[in-house]
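Heads up, protein.txt below (compact mmCIF, C-alpha atoms):
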# COMPACT_ATOMS: atom_id res chain seq x y z
CA MET J 29 87.96 47.78 -14.80
CA GLN J 30 85.93 44.60 -15.03
CA ILE J 31 84.29 43.80 -18.37
CA VAL J 32 81.76 40.97 -18.32
CA ILE J 33 80.81 39.28 -21.58
CA VAL J 34 77.66 37.22 -21.11
CA LEU J 35 77.49 33.78 -22.72
CA PHE J 36 74.46 31.61 -23.36
CA ASP J 37 73.82 28.51 -25.46
CA ARG J 38 73.85 29.14 -29.22
CA PHE J 39 75.46 32.56 -29.04
CA THR J 40 77.29 33.84 -32.13
CA ALA J 41 81.01 33.48 -31.51
CA LEU J 42 82.25 36.58 -33.33
CA ASP J 43 79.72 38.79 -31.48
CA ALA J 44 81.61 37.98 -28.29
CA VAL J 45 85.18 37.47 -29.50
CA GLY J 46 85.44 40.56 -31.73
CA PRO J 47 84.84 42.97 -28.83
CA TYR J 48 86.83 40.74 -26.48
CA GLN J 49 89.94 41.10 -28.65
CA VAL J 50 89.62 44.88 -28.55
CA LEU J 51 88.55 45.43 -24.95
CA THR J 52 91.05 43.01 -23.43
CA SER J 53 93.81 45.37 -24.61
CA LEU J 54 92.48 48.32 -22.61
CA PRO J 55 94.86 49.29 -19.80
CA GLY J 56 93.62 47.79 -16.56
CA ALA J 57 90.91 45.72 -18.21
CA GLU J 58 89.93 42.36 -16.79
CA VAL J 59 87.54 40.61 -19.18
CA VAL J 60 85.42 37.79 -17.76
CA PHE J 61 83.22 35.47 -19.77
CA ALA J 62 80.24 34.66 -17.55
CA ALA J 63 77.06 32.63 -17.84
CA GLU J 64 74.22 31.64 -15.58
CA HIS J 65 76.22 28.50 -14.82
CA PRO J 66 79.99 28.50 -15.42
CA GLY J 67 81.51 25.93 -17.74
CA PRO J 68 81.67 25.23 -21.47
CA ILE J 69 79.11 27.03 -23.65
CA ALA J 70 78.55 25.99 -27.27
CA ASP J 71 77.94 28.49 -30.03
CA GLU J 72 75.10 28.53 -32.58
CA VAL J 73 76.82 25.96 -34.79
CA GLY J 74 77.83 23.68 -31.95
CA ARG J 75 81.40 23.45 -33.22
CA LEU J 76 82.92 26.20 -31.07
CA THR J 77 82.95 26.03 -27.29
CA LEU J 78 83.99 28.92 -25.08
CA THR J 79 84.40 28.54 -21.35
CA ALA J 80 82.37 30.75 -19.03
CA GLU J 81 84.84 31.17 -16.18
CA ALA J 82 82.34 32.76 -13.81
CA ALA J 83 78.71 32.49 -12.83
CA LEU J 84 76.77 35.70 -13.41
CA ALA J 85 76.10 35.77 -9.67
CA ASP J 86 79.86 36.04 -9.05
CA VAL J 87 80.31 39.17 -11.18
CA SER J 88 77.52 41.42 -10.01
CA HIS J 89 79.22 44.81 -10.41
CA PRO J 90 80.95 44.94 -13.80
CA ASP J 91 82.12 48.29 -15.11
CA VAL J 92 81.18 47.21 -18.62
CA LEU J 93 78.69 44.51 -19.56
CA LEU J 94 78.31 43.12 -23.06
CA VAL J 95 75.53 40.88 -24.37
CA PRO J 96 76.19 39.11 -27.68
CA GLY J 97 73.47 37.83 -29.97
CA GLY J 98 72.89 34.70 -31.97
CA PRO J 99 70.07 32.20 -32.48
CA GLY J 100 70.14 31.44 -28.74
CA GLN J 101 68.85 34.95 -28.09
CA HIS J 102 65.32 33.59 -28.50
CA ASP J 103 65.65 31.57 -25.30
CA GLN J 104 66.79 34.65 -23.36
CA MET J 105 63.78 36.87 -24.06
CA HIS J 106 61.70 35.89 -21.06
CA ASP J 107 62.13 37.22 -17.57
CA GLY J 108 64.43 35.08 -15.47
CA PRO J 109 67.92 34.93 -14.00
CA LEU J 110 69.68 36.65 -16.93
CA HIS J 111 67.23 39.56 -17.03
CA GLU J 112 67.43 39.93 -13.25
CA TRP J 113 71.21 39.97 -13.41
CA LEU J 114 71.21 42.49 -16.27
CA ARG J 115 68.90 44.88 -14.43
CA ALA J 116 70.91 44.63 -11.21
CA ALA J 117 74.33 44.90 -12.87
CA ASP J 118 73.17 47.80 -15.05
CA GLN J 119 72.56 49.89 -11.95
CA THR J 120 76.29 50.28 -11.43
CA THR J 121 77.82 49.82 -14.90
CA SER J 122 79.64 52.60 -16.67
CA TRP J 123 78.65 51.05 -20.00
CA THR J 124 75.88 48.58 -20.86
CA THR J 125 76.45 47.19 -24.35
CA SER J 126 75.33 44.62 -26.88
CA VAL J 127 76.19 43.20 -30.27
CA CYS J 128 73.71 41.91 -32.86
CA THR J 129 70.48 40.50 -31.38
CA GLY J 130 71.95 41.01 -27.91
CA SER J 131 70.11 44.34 -28.00
CA LEU J 132 66.80 42.45 -28.10
CA ILE J 133 67.78 40.81 -24.81
CA LEU J 134 68.74 44.15 -23.25
CA ALA J 135 65.45 45.61 -24.50
CA ALA J 136 63.39 42.66 -23.24
CA ALA J 137 65.00 43.10 -19.83
CA GLY J 138 63.66 46.66 -19.89
CA LEU J 139 66.99 48.44 -20.24
CA LEU J 140 66.45 50.18 -23.57
CA THR J 141 63.01 51.70 -23.00
CA GLY J 142 62.83 55.02 -24.80
CA ARG J 143 66.45 54.69 -25.92
CA ARG J 144 67.93 54.77 -29.41
CA ALA J 145 69.43 51.39 -30.26
CA THR J 146 70.56 49.23 -33.15
CA SER J 147 70.60 45.48 -33.78
CA TYR J 148 71.22 42.88 -36.47
CA TRP J 149 69.72 44.20 -39.73
CA LEU J 150 67.14 41.40 -39.81
CA ALA J 151 66.11 42.11 -36.20
CA LEU J 152 66.08 45.88 -36.07
CA GLY J 153 62.32 46.24 -36.34
CA HIS J 154 61.76 43.98 -33.34
CA LEU J 155 63.35 46.51 -30.97
CA GLU J 156 60.22 48.62 -31.09
CA GLN J 157 58.15 45.90 -29.42
CA TYR J 158 60.27 46.37 -26.34
CA GLY J 159 60.06 50.13 -26.25
CA ALA J 160 63.41 50.95 -27.84
CA ILE J 161 63.82 53.33 -30.78
CA PRO J 162 65.42 51.44 -33.68
CA VAL J 163 68.23 53.28 -35.45
CA ALA J 164 69.75 51.78 -38.61
CA GLU J 165 73.34 52.62 -37.76
CA ARG J 166 76.33 50.39 -37.12
CA VAL J 167 77.05 51.64 -33.61
CA VAL J 168 74.56 53.61 -31.52
CA PHE J 169 75.37 55.44 -28.28
CA ASP J 170 72.55 56.61 -26.01
CA GLU J 171 74.22 57.79 -22.84
CA LYS J 172 75.85 54.67 -21.35
CA TYR J 173 73.88 52.27 -23.57
CA VAL J 174 75.87 51.20 -26.60
CA THR J 175 74.45 48.83 -29.18
CA ALA J 176 76.07 47.42 -32.29
CA ALA J 177 74.52 46.06 -35.49
CA GLY J 178 75.20 42.49 -36.68
CA VAL J 179 78.06 40.18 -35.67
CA SER J 180 81.22 41.86 -37.04
CA SER J 181 80.02 45.33 -35.96
CA GLY J 182 81.06 44.51 -32.41
CA ILE J 183 84.65 45.27 -33.44
CA ASP J 184 83.69 48.80 -34.50
CA MET J 185 81.61 49.24 -31.36
CA ALA J 186 84.42 48.08 -29.09
CA LEU J 187 86.99 50.36 -30.74
CA THR J 188 84.65 53.33 -30.41
CA LEU J 189 84.03 52.44 -26.78
CA ALA J 190 87.78 51.99 -26.19
CA GLY J 191 88.24 55.57 -27.40
CA ARG J 192 85.61 56.87 -24.99
CA ILE J 193 87.11 54.91 -22.07
CA ALA J 194 90.83 55.39 -22.66
CA GLY J 195 91.21 58.08 -25.31
CA ASP J 196 91.81 58.12 -29.04
CA GLN J 197 95.51 57.26 -28.90
CA THR J 198 94.92 54.08 -26.91
CA ALA J 199 92.09 53.03 -29.22
CA GLN J 200 94.25 53.69 -32.27
CA ALA J 201 97.06 51.60 -30.77
CA ILE J 202 94.58 48.76 -30.24
CA GLN J 203 93.37 49.11 -33.84
CA LEU J 204 96.94 48.87 -35.13
CA GLY J 205 97.61 46.01 -32.72
CA ILE J 206 94.86 43.95 -34.34
CA GLU J 207 95.75 45.35 -37.78
CA TYR J 208 92.13 46.38 -38.30
CA ASP J 209 92.40 47.81 -41.79
CA PRO J 210 89.41 46.02 -43.27
CA GLN J 211 89.45 45.17 -46.96
CA PRO J 212 86.40 43.01 -47.63
CA PRO J 213 86.56 41.36 -51.05
CA TYR J 214 82.91 42.29 -51.74
CA ASP J 215 80.68 45.23 -50.89
CA ALA J 216 77.83 43.07 -49.61
CA GLY J 217 77.94 43.63 -45.87
CA SER J 218 74.87 45.84 -45.67
CA PRO J 219 71.34 45.22 -46.98
CA ASP J 220 71.56 48.58 -48.74
CA ARG J 221 74.40 47.46 -50.96
CA ALA J 222 74.27 43.65 -51.16
CA PRO J 223 72.70 42.20 -54.32
CA ALA J 224 68.91 42.32 -53.91
CA GLU J 225 68.44 38.59 -54.44
CA ILE J 226 70.86 37.84 -51.59
CA VAL J 227 69.03 40.24 -49.27
CA THR J 228 65.73 38.54 -50.16
CA ARG J 229 67.19 35.09 -49.63
CA LEU J 230 68.45 35.95 -46.14
CA GLN J 231 65.15 37.63 -45.27
CA SER J 232 63.19 34.54 -46.30
CA ARG J 233 65.39 32.29 -44.17
CA SER J 234 65.35 34.52 -41.14
CA ARG J 235 63.96 33.06 -37.98
CA ILE J 236 64.55 35.86 -35.52
CA LEU J 237 62.15 35.27 -32.73
CA THR J 238 61.33 37.63 -29.95
CA GLY J 239 58.93 35.51 -27.97
CA ARG J 240 56.06 37.81 -28.92
CA PRO J 241 53.92 37.70 -32.04
CA THR J 242 55.17 40.29 -34.50
CA MET A 7 84.47 19.59 -46.43
CA GLN A 8 86.48 19.42 -43.22
CA ILE A 9 88.14 22.64 -42.04
CA VAL A 10 90.63 22.24 -39.21
CA ILE A 11 91.59 25.29 -37.15
CA VAL A 12 94.72 24.55 -35.12
CA LEU A 13 94.87 25.76 -31.53
CA PHE A 14 97.90 26.12 -29.27
CA ASP A 15 98.52 27.85 -25.94
CA ARG A 16 98.52 31.65 -26.13
CA PHE A 17 96.94 31.88 -29.59
CA THR A 18 95.17 35.11 -30.53
CA ALA A 19 91.43 34.50 -30.27
CA LEU A 20 90.24 36.66 -33.17
CA ASP A 21 92.78 35.05 -35.54
CA ALA A 22 90.85 31.81 -35.10
CA VAL A 23 87.28 32.99 -34.50
CA GLY A 24 87.07 35.56 -37.33
CA PRO A 25 87.68 32.95 -40.04
CA TYR A 26 85.63 30.38 -38.11
CA GLN A 27 82.56 32.62 -38.24
CA VAL A 28 82.91 32.94 -42.02
CA LEU A 29 83.96 29.41 -42.95
CA THR A 30 81.41 27.65 -40.74
CA SER A 31 78.70 29.12 -42.98
CA LEU A 32 80.04 27.45 -46.13
CA PRO A 33 77.64 24.81 -47.44
CA GLY A 34 78.83 21.38 -46.30
CA ALA A 35 81.53 22.77 -44.02
CA GLU A 36 82.47 20.98 -40.84
CA VAL A 37 84.86 23.12 -38.81
CA VAL A 38 86.93 21.37 -36.15
CA PHE A 39 89.14 23.09 -33.60
CA ALA A 40 92.08 20.76 -33.01
CA ALA A 41 95.24 20.77 -30.93
CA GLU A 42 98.06 18.39 -30.17
CA HIS A 43 96.01 17.30 -27.15
CA PRO A 44 92.25 17.93 -27.12
CA GLY A 45 90.73 19.97 -24.32
CA PRO A 46 90.60 23.59 -23.21
CA ILE A 47 93.20 25.93 -24.72
CA ALA A 48 93.77 29.40 -23.27
CA ASP A 49 94.45 32.43 -25.44
CA GLU A 50 97.31 34.93 -25.16
CA VAL A 51 95.59 36.85 -22.37
CA GLY A 52 94.52 33.77 -20.45
CA ARG A 53 90.95 35.08 -20.11
CA LEU A 54 89.45 33.25 -23.10
CA THR A 55 89.38 29.47 -23.35
CA LEU A 56 88.34 27.63 -26.48
CA THR A 57 87.90 23.87 -26.53
CA ALA A 58 89.93 21.80 -28.96
CA GLU A 59 87.44 19.04 -29.75
CA ALA A 60 89.93 16.84 -31.57
CA ALA A 61 93.54 15.81 -31.38
CA LEU A 62 95.52 16.73 -34.47
CA ALA A 63 96.15 13.01 -34.98
CA ASP A 64 92.39 12.47 -35.34
CA VAL A 65 92.00 14.94 -38.20
CA SER A 66 94.80 14.00 -40.54
CA HIS A 67 93.14 14.80 -43.88
CA PRO A 68 91.44 18.20 -43.66
CA ASP A 69 90.32 19.89 -46.85
CA VAL A 70 91.29 23.24 -45.37
CA LEU A 71 93.75 23.85 -42.56
CA LEU A 72 94.16 27.16 -40.78
CA VAL A 73 96.91 28.18 -38.38
CA PRO A 74 96.27 31.27 -36.25
CA GLY A 75 99.00 33.38 -34.70
CA GLY A 76 99.57 34.99 -31.36
CA PRO A 77 102.37 35.20 -28.79
CA GLY A 78 102.26 31.40 -28.44
CA GLN A 79 103.58 31.14 -32.00
CA HIS A 80 107.09 31.35 -30.57
CA ASP A 81 106.71 27.94 -28.94
CA GLN A 82 105.58 26.39 -32.23
CA MET A 83 108.62 27.29 -34.33
CA HIS A 84 110.67 24.19 -33.66
CA ASP A 85 110.22 20.88 -35.37
CA GLY A 86 107.88 18.58 -33.50
CA PRO A 87 104.37 17.13 -33.56
CA LEU A 88 102.66 20.26 -34.97
CA HIS A 89 105.14 20.64 -37.82
CA GLU A 90 104.91 16.94 -38.60
CA TRP A 91 101.12 17.15 -38.68
CA LEU A 92 101.18 20.27 -40.85
CA ARG A 93 103.50 18.69 -43.41
CA ALA A 94 101.46 15.48 -43.54
CA ALA A 95 98.05 17.21 -43.66
CA ASP A 96 99.27 19.68 -46.28
CA GLN A 97 99.87 16.82 -48.69
CA THR A 98 96.12 16.40 -49.18
CA THR A 99 94.63 19.80 -48.35
CA SER A 100 92.86 21.90 -50.93
CA TRP A 101 93.87 25.03 -49.01
CA THR A 102 96.61 25.56 -46.43
CA THR A 103 96.06 28.87 -44.66
CA SER A 104 97.18 31.09 -41.81
CA VAL A 105 96.34 34.31 -40.02
CA CYS A 106 98.84 36.71 -38.43
CA THR A 107 102.04 35.04 -37.16
CA GLY A 108 100.54 31.68 -38.07
CA SER A 109 102.41 32.13 -41.35
CA LEU A 110 105.71 31.98 -39.43
CA ILE A 111 104.67 28.53 -38.19
CA LEU A 112 103.73 27.37 -41.70
CA ALA A 113 107.05 28.73 -42.96
CA ALA A 114 109.06 27.13 -40.16
CA ALA A 115 107.42 23.82 -41.01
CA GLY A 116 108.80 24.26 -44.51
CA LEU A 117 105.50 24.82 -46.27
CA LEU A 118 106.10 28.33 -47.63
CA THR A 119 109.53 27.90 -49.16
CA GLY A 120 109.77 30.08 -52.25
CA ARG A 121 106.16 31.17 -51.84
CA ARG A 122 104.71 34.67 -51.55
CA ALA A 123 103.19 35.16 -48.11
CA THR A 124 102.06 37.79 -45.63
CA SER A 125 101.99 38.01 -41.84
CA TYR A 126 101.37 40.40 -38.96
CA TRP A 127 102.91 43.75 -39.89
CA LEU A 128 105.46 43.49 -37.07
CA ALA A 129 106.46 39.98 -38.18
CA LEU A 130 106.54 40.27 -41.95
CA GLY A 131 110.31 40.52 -42.23
CA HIS A 132 110.80 37.30 -40.33
CA LEU A 133 109.21 35.24 -43.11
CA GLU A 134 112.37 35.55 -45.18
CA GLN A 135 114.40 33.58 -42.64
CA TYR A 136 112.25 30.59 -43.47
CA GLY A 137 112.50 30.92 -47.21
CA ALA A 138 109.18 32.65 -47.89
CA ILE A 139 108.81 35.83 -49.93
CA PRO A 140 107.22 38.52 -47.72
CA VAL A 141 104.44 40.51 -49.38
CA ALA A 142 102.95 43.50 -47.54
CA GLU A 143 99.36 42.78 -48.52
CA ARG A 144 96.34 41.94 -46.40
CA VAL A 145 95.60 38.58 -48.05
CA VAL A 146 98.09 36.71 -50.21
CA PHE A 147 97.27 33.71 -52.40
CA ASP A 148 100.09 31.56 -53.79
CA GLU A 149 98.39 28.55 -55.33
CA LYS A 150 96.71 26.75 -52.43
CA TYR A 151 98.69 28.64 -49.77
CA VAL A 152 96.71 31.56 -48.39
CA THR A 153 98.14 33.84 -45.73
CA ALA A 154 96.53 36.80 -44.00
CA ALA A 155 98.08 39.80 -42.25
CA GLY A 156 97.37 40.58 -38.59
CA VAL A 157 94.49 39.34 -36.44
CA SER A 158 91.37 40.94 -37.98
CA SER A 159 92.58 40.24 -41.52
CA GLY A 160 91.50 36.63 -41.11
CA ILE A 161 87.92 37.78 -41.81
CA ASP A 162 88.94 39.23 -45.17
CA MET A 163 91.00 36.13 -45.95
CA ALA A 164 88.15 33.78 -45.09
CA LEU A 165 85.62 35.69 -47.19
CA THR A 166 87.99 35.69 -50.15
CA LEU A 167 88.56 31.97 -49.67
CA ALA A 168 84.81 31.37 -49.33
CA GLY A 169 84.39 32.99 -52.75
CA ARG A 170 87.01 30.70 -54.29
CA ILE A 171 85.47 27.62 -52.69
CA ALA A 172 81.76 28.29 -53.13
CA GLY A 173 81.43 31.23 -55.52
CA ASP A 174 80.86 34.94 -55.13
CA GLN A 175 77.16 34.74 -54.32
CA THR A 176 77.70 32.40 -51.38
CA ALA A 177 80.54 34.53 -50.05
CA GLN A 178 78.41 37.67 -50.39
CA ALA A 179 75.57 35.98 -48.50
CA ILE A 180 78.02 35.10 -45.72
CA GLN A 181 79.25 38.70 -45.66
CA LEU A 182 75.70 40.00 -45.30
CA GLY A 183 74.98 37.28 -42.74
CA ILE A 184 77.72 38.63 -40.49
CA GLU A 185 76.89 42.22 -41.48
CA TYR A 186 80.51 42.81 -42.43
CA ASP A 187 80.29 46.44 -43.45
CA PRO A 188 83.28 47.69 -41.47
CA GLN A 189 83.26 51.26 -40.21
CA PRO A 190 86.30 51.64 -37.96
CA PRO A 191 86.15 54.86 -35.94
CA TYR A 192 89.80 55.61 -36.76
CA ASP A 193 92.07 55.06 -39.75
CA ALA A 194 94.88 53.53 -37.72
CA GLY A 195 94.74 49.86 -38.71
CA SER A 196 97.84 49.90 -40.88
CA PRO A 197 101.37 51.08 -40.08
CA ASP A 198 101.21 53.21 -43.24
CA ARG A 199 98.38 55.33 -41.89
CA ALA A 200 98.45 55.10 -38.09
CA PRO A 201 100.04 58.06 -36.27
CA ALA A 202 103.83 57.63 -36.40
CA GLU A 203 104.26 57.73 -32.62
CA ILE A 204 101.82 54.83 -32.24
CA VAL A 205 103.65 52.78 -34.87
CA THR A 206 106.93 53.44 -33.05
CA ARG A 207 105.45 52.53 -29.68
CA LEU A 208 104.16 49.18 -30.95
CA GLN A 209 107.47 48.47 -32.68
CA SER A 210 109.41 49.12 -29.49
CA ARG A 211 107.16 46.77 -27.50
CA SER A 212 107.18 44.01 -30.07
CA ARG A 213 108.54 40.69 -28.97
CA ILE A 214 107.95 38.58 -32.02
CA LEU A 215 110.32 35.70 -31.73
CA THR A 216 111.14 33.22 -34.38
CA GLY A 217 113.50 30.97 -32.53
CA ARG A 218 116.38 32.11 -34.69
CA PRO A 219 118.57 35.18 -34.24
CA THR A 220 117.35 37.90 -36.58
Would it be possible to restate this file's structure as structure tokens?
Amino acid sequence: MQIVIVLFDRFTALDAVGPYQVLTSLPGAEVVFAAEHPGPIADEVGRLTLTAEAALADVSHPDVLLVPGGPGQHDQMHDGPLHEWLRAADQTTSWTTSVCTGSLILAAAGLLTGRRATSYWLALGHLEQYGAIPVAERVVFDEKYVTAAGVSSGIDMALTLAGRIAGDQTAQAIQLGIEYDPQPPYDAGSPDRAPAEIVTRLQSRSRILTGRPT
Amino acid sequence: MQIVIVLFDRFTALDAVGPYQVLTSLPGAEVVFAAEHPGPIADEVGRLTLTAEAALADVSHPDVLLVPGGPGQHDQMHDGPLHEWLRAADQTTSWTTSVCTGSLILAAAGLLTGRRATSYWLALGHLEQYGAIPVAERVVFDEKYVTAAGVSSGIDMALTLAGRIAGDQTAQAIQLGIEYDPQPPYDAGSPDRAPAEIVTRLQSRSRILTGRPT
């Protein structure tokens, strides 16, 4: 089972590495980080560099594909090699997935038209411009299309997906293997429960761009 | 504020990248991935490669140091360049931290003697051999020494630390920024609550090695 995680400049590291840590433990899984051009790819901060081992062109039939988000999503909204690859690869995937603003890229490539999907909380409304149906949930399944909300939600998405692929017992073993028993010190991880002034501050700073006027 | 995350061959990716994603958002933070020799460092699976931008020798006075765990921890238990660097850097850190079996490395370097500390659930008992006091909690503070339990717990540790460094509001904004509102699909992330047969299976497979007979 080949799992391709797409990388692009200024991706968000945890969007990619959270699901990687889960999915790489699936029996028979071969995870490949791939980009348009193989080589080192820097994250949004520029302080973390992951290596894309393969060119997208070299991994054209993944069983699972995953698109992370991050500020670099803006540069991936126009038709081009990534969208072409996504549309072609999607024809034979078992699961087409995203984390955070990665769902905007899937939607812009035309893969979420008429489908229920989620995204980063600050980006959720933008999905509609690309014909998707925004759903304010942490993990959304619509047939083989699986989208996760912001950044850390990729871990929940990947565990849920692991259960669908390999059964509950295997997914539970993976959860125990990464000791995923979350105990956040605050209850501020959702705009519904974070202090209002913090929600407003993040909204005012947000620069989520879709390439179309909103 | 310089934050050095130590890399070594066969580290666990999420141990390093979870805290990175949190700590890199601290105001004034400069996170540096560093290893004995700079360059690409492969994780435990060999499918993920992070770049160590600096040699340990080039970052001798970090404000925060973080040691991840992973199967490669076994090769870092003997005295040598990493232990020497840890002991020297620790003299001027504000916070000396670890995730997962990274605490075994800190302990083997002599930095946790007589201190309360945690580790990966399968490794917790080994801390005692190195003079630390094992505590079965997700995040343990003992003065400036902060240890986290397995893999995903580094996110909780880093958010807690972010609150100590920059205040609750900043830490809450970071939590909302990474939408850390965990909703695991199973309640199997702790050996206390995972199905007993899964706990037993992981225990029987465990090969946590400390370099000393147990």
Shell of 6 Å around range 90-107 of chain A, only C-alpha atoms, local chain residues under 2 positions omitted, as a PyMOL selection string: chain A and resi 21+66-75+87-88+109-110+125-126+150-157+160
Exercise: Gln175 in chain A partners within 10 Å, all atoms listed in the file, chain neighbours under 3 positions left out, as a VMD selection string: (chain J and resid 214 216 222 to 223 225 to 226) or (chain A and resid 168 to 169 172 178 to 181)
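With distances restricted to all atoms listed in the file, A:Leu118 is the closest residue to Glu134 in chain A from A:Leu54, A:Ala41, A:Ala63, A:Leu118.
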Non-local contacts of Gln104 in chain J (10 Å; all atoms listed in the file; under 6 positions in same chain excluded) as a PyMOL selection string: chain J and resi 36-37+97+110-111+130+132-134+136-137+238-239
What are the centre and edge lengths in Å, to one decimal, of the axis-aligned box around all listed atoms of range 140-150 of chain J with 3 Å added on each side, as AutoDock Vina command-line options?
--center_x 67.0 --center_y 48.2 --center_z -31.4 --size_x 14.4 --size_y 19.6 --size_z 22.8
Would you be able to write out as a PDB file with C-alpha atoms, keeping the file's coordinate frame which residues have an atom within 9 Å of (81.7, 23.1, -17.3) in the file's coordinates, counting all atoms listed in the file?
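For reference, out.pdb as written:
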ATOM      1  CA  HIS J  65      76.220  28.500 -14.820  1.00  0.00           C
ATOM      2  CA  PRO J  66      79.990  28.500 -15.420  1.00  0.00           C
ATOM      3  CA  GLY J  67      81.510  25.930 -17.740  1.00  0.00           C
ATOM      4  CA  PRO J  68      81.670  25.230 -21.470  1.00  0.00           C
ATOM      5  CA  ILE J  69      79.110  27.030 -23.650  1.00  0.00           C
ATOM      6  CA  THR J  79      84.400  28.540 -21.350  1.00  0.00           C
ATOM      7  CA  ALA J  80      82.370  30.750 -19.030  1.00  0.00           C
ATOM      8  CA  GLU J  81      84.840  31.170 -16.180  1.00  0.00           C
TER       9      GLU J  81
END
Shortest interatomic distance to chain J - which of A:Ala164, A:Leu29, A:Val23, A:Ala142, counting only C-alpha atoms: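 With only C-alpha atoms as the atom set, the closest residue is A:Val23.
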Two-atom distance - CA of Ile206 in chain J, CA of Met7 in chain A (Å):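 For CA of Ile206 in chain J relative to CA of Met7 in chain A, the distance reads 29.1 Å.
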Pick from J:Gln157, J:Gln101, J:Thr141, J:Ser180, whichever lies nearest to chain A using only C-alpha atoms: J:Ser180
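Going from CA of Leu167 in chain A over to CA of Ala123 in chain A, you cover 15.1 Å.
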Among listed residues A:Asp85, A:Glu149, A:Glu42, A:Asp49, nearest chain J (using only C-alpha atoms):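 Smallest separation from chain J among the options: A:Asp49.
Of the listed residues J:His154, J:Arg38, J:Arg229, J:Arg144, the one whose atoms come nearest to chain A is J:Arg229, with distances taken using only C-alpha atoms.
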Pick from A:Ser212, A:Thr18, A:Gln8, A:Ser31, whichever lies nearest to Val51 in chain A using all atoms listed in the file: A:Thr18
Within 9 Å of (90.7, 41.3, -15.5) (coordinates as in the file), grab all the protein and nucleic acid residues, counting all atoms listed in the file, and write them out as a PDB file with C-alpha atoms, in the frame of the given file.
ATOM      1  CA  MET J  29      87.960  47.780 -14.800  1.00  0.00           C
ATOM      2  CA  GLN J  30      85.930  44.600 -15.030  1.00  0.00           C
ATOM      3  CA  ILE J  31      84.290  43.800 -18.370  1.00  0.00           C
ATOM      4  CA  THR J  52      91.050  43.010 -23.430  1.00  0.00           C
ATOM      5  CA  GLY J  56      93.620  47.790 -16.560  1.00  0.00           C
ATOM      6  CA  ALA J  57      90.910  45.720 -18.210  1.00  0.00           C
ATOM      7  CA  GLU J  58      89.930  42.360 -16.790  1.00  0.00           C
ATOM      8  CA  VAL J  59      87.540  40.610 -19.180  1.00  0.00           C
ATOM      9  CA  VAL J  60      85.420  37.790 -17.760  1.00  0.00           C
TER      10      VAL J  60
ATOM     11  CA  ARG A  53      90.950  35.080 -20.110  1.00  0.00           C
TER      12      ARG A  53
END
Computed interatomic separation between CA of Ala48 in chain A and CA of Val32 in chain J (Å):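 Distance reported for this atom pair: 17.4 Å.
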What would range 140-151 of chain J look like with N, CA and C atoms restored, written as a tab-separated table (two decimals), in the coordinates of the input?
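Final file, result.tsv:
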chain	number	residue	atom	x	y	z
J	140	LEU	N	66.32	49.25	-22.44
J	140	LEU	CA	66.45	50.18	-23.57
J	140	LEU	C	65.16	50.98	-23.81
J	141	THR	N	64.29	51.00	-22.83
J	141	THR	CA	63.01	51.70	-23.00
J	141	THR	C	63.23	53.18	-23.28
J	142	GLY	N	62.70	53.61	-24.42
J	142	GLY	CA	62.83	55.02	-24.80
J	142	GLY	C	64.21	55.39	-25.32
J	143	ARG	N	65.08	54.40	-25.48
J	143	ARG	CA	66.45	54.69	-25.92
J	143	ARG	C	66.65	54.33	-27.38
J	144	ARG	N	67.53	55.08	-28.03
J	144	ARG	CA	67.93	54.77	-29.41
J	144	ARG	C	68.86	53.55	-29.37
J	145	ALA	N	68.61	52.61	-30.26
J	145	ALA	CA	69.43	51.39	-30.26
J	145	ALA	C	69.45	50.77	-31.65
J	146	THR	N	70.48	49.97	-31.89
J	146	THR	CA	70.56	49.23	-33.15
J	146	THR	C	70.59	47.73	-32.86
J	147	SER	N	70.61	46.93	-33.91
J	147	SER	CA	70.60	45.48	-33.78
J	147	SER	C	70.99	44.88	-35.12
J	148	TYR	N	71.00	43.58	-35.21
J	148	TYR	CA	71.22	42.88	-36.47
J	148	TYR	C	70.21	43.40	-37.49
J	149	TRP	N	70.61	43.56	-38.73
J	149	TRP	CA	69.72	44.20	-39.73
J	149	TRP	C	68.40	43.47	-39.86
J	150	LEU	N	68.39	42.15	-39.68
J	150	LEU	CA	67.14	41.40	-39.81
J	150	LEU	C	66.28	41.49	-38.54
J	151	ALA	N	66.82	42.08	-37.49
J	151	ALA	CA	66.11	42.11	-36.20
J	151	ALA	C	65.73	43.52	-35.77
